[in-house]
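**Student:** Have a look at this one before I ask anything.
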Amino acid sequence: MINVALPKGRLGDKVYDMFEAAGYECPSIRETNRKLIFENPDTGVRYFWVKPSDVSIYVERGAADIGVAGKDILLEYKPDIYELLDLQIGKCRMAVAAPKGFHDDGERTLKVATKFDNIARSYYAGRGRDIDIIKLNGSIEIAPILGLSDVIVDIVETGTTLRENDLEVVATVVPISARLIANKAAFKFKTGAIEEIVSKLKGLVERNGQDL
Ligand code: PRP
């Protein structure tokens with residue numbers, strides 16, 4: 001059995017669609033219920049739904065052999081895993097955003113609100129800019145509106161949340177997409193099975209790319 005940690009939610013549904021199209025179907029996963037673990041002995045896979053930011057924890061510790069996590073999580077937490085494939089879905093970017101017209105004069109410490117403190121810290125360290133991180137857990141966009149911070153570092157997908165809160169992107173930090181990751185020991189002991197999954201998913205990614 002290959003244990004696969006899938007990110008619960010919209011991205012996870014797309015990820016499962018890809019595994020299914022690659023030949024690793026598990027029909028019971030489509031049933032509407034609150035179960036979190038599904039397996040198909042015929043295809044040799046066991047899927048489980050976990051919180052997207054927890055996928056890399058399951059994989060790093062070997063509770064899952066492989067999983068799918070956003071590049072944002074991998075950059076933020078730097079789990080000790082192998083990154084095997086860019087699935088080219090869940091595309092968005094990590095960006096610095098601020099109220100419209102904001103100008104950083106560089107004279108005082110910049111207050112940065114974010115969920116991604118490590119990414120923000122290394123982005124500004126690379127620019128030699130002094131910052132004060134305000135770590136939040138969600139609804140980051142509110143921080144500069146209420147004067148809690150000057151800017152935010154957050155994920156921007158369509159840009160709607162920024163627009164509707166009168167914020168704009170000041171700079172792109174890094175592009176983000178979903179990555180297939182593997183536990184290091186599992187990759188060693190289940191190399192054949194994992195590489196077969198990688199090669200089938202890779203074929204799909206390439207075909208999807210051609211369709212665009
Ligand atoms: C993310 C991000 C933004 C939003 C961006 O939030 O933090 O708020 O999506 O998407 P958009 O550019 O398409 O508007 P998420 O839904 O993950 O929830 P969060 O508030 O917990 O961060």
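Letters A, B, ... go to the chains of the structure tokens in the order shown; residues in each chain start at 1; ligands are counted from 1 in the same order.
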Skipping near chain neighbours, those fewer than 2 positions away, what residues fall within 9 Å of segment 132-143 of chain A using only C-alpha atoms, listed as a ChimeraX atom specification?
**Tutor:** /A:97-98,109-117,120-121,130,145-154,161-162,165,167
**Student:** With a distance cut-off of 10 Å and only C-alpha atoms, select the neighbouring residues of segment 87-91 of chain A, excluding the residue or stretch itself and same-chain residues fewer than 6 positions from it, and output the selection as a ChimeraX atom specification.
**Tutor:** /A:10-12,14-15,18,68-71,156-158,175-180,198,201-202,204-206,208-209
**Student:** Using only C-alpha atoms, which of A:Leu85, A:Val4, A:Ala64, A:Ile29 sits nearest Tyr47 of chain A?
**Tutor:** A:Val4
**Student:** Go through A:Ile66, A:Leu75, A:Met94, A:Cys26 one by one, measure the shortest atom-to-atom distance of each to ligand 1 using only C-alpha atoms and all ligand atoms, and give the residue with the smallest value.
**Tutor:**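 Closest candidate: A:Met94.
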**Student:** Between A:Val170, A:Ile119, A:Ile197, A:Cys92, which residue has the minimum interatomic distance to ligand 1, considering only C-alpha atoms and all ligand atoms?
**Tutor:** A:Cys92
**Student:** Just list as a ChimeraX atom specification whatever in segment 127-162 of chain A DSSP marks as helix (DSSP H, G or I).
**Tutor:** /A:142-145,160-162
**Student:** Report as a VMD selection string: the residues of segment 2-117 of chain A with a DSSP assignment of strand (DSSP E or B), based on the backbone of this structure.
**Tutor:** chain A and resid 2 to 7 37 to 40 45 to 50 66 to 70 82 to 86 92 to 99 110 to 114
**Student:** Using only C-alpha atoms and all ligand atoms, can you tell me which of A:Ala125, A:Val96, A:Ala22, A:Ile131 comes closest to ligand 1?
**Tutor:**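 Checking each of A:Ala125, A:Val96, A:Ala22, A:Ile131 against ligand 1, counting only C-alpha atoms and all ligand atoms, the winner is A:Val96.
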**Student:** Which residues come within 7 Å of Lys184 of chain A, counting only C-alpha atoms, excluding same-chain residues fewer than 3 positions away, as a PyMOL selection string?
**Tutor:** chain A and resi 81-82+187-188
**Student:** Would you mind telling me which residue in A:Val45, A:Leu6, A:Val59, A:Ile155 lies nearest to Glu83 of chain A when using only C-alpha atoms?
**Tutor:** A:Val59
**Student:** Could you check how far atom CA of Asp42 of chain A sits from atom CA of Lys190 of chain A, in Å to one decimal?
**Tutor:**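 Atom CA of Lys190 of chain A lies 17.0 Å from atom CA of Asp42 of chain A.
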**Student:** How far is it from atom CA of Val174 of chain A to atom CA of Pro52 of chain A, in Å with one decimal?
**Tutor:**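 Going from atom CA of Val174 of chain A over to atom CA of Pro52 of chain A, I get 18.8 Å.
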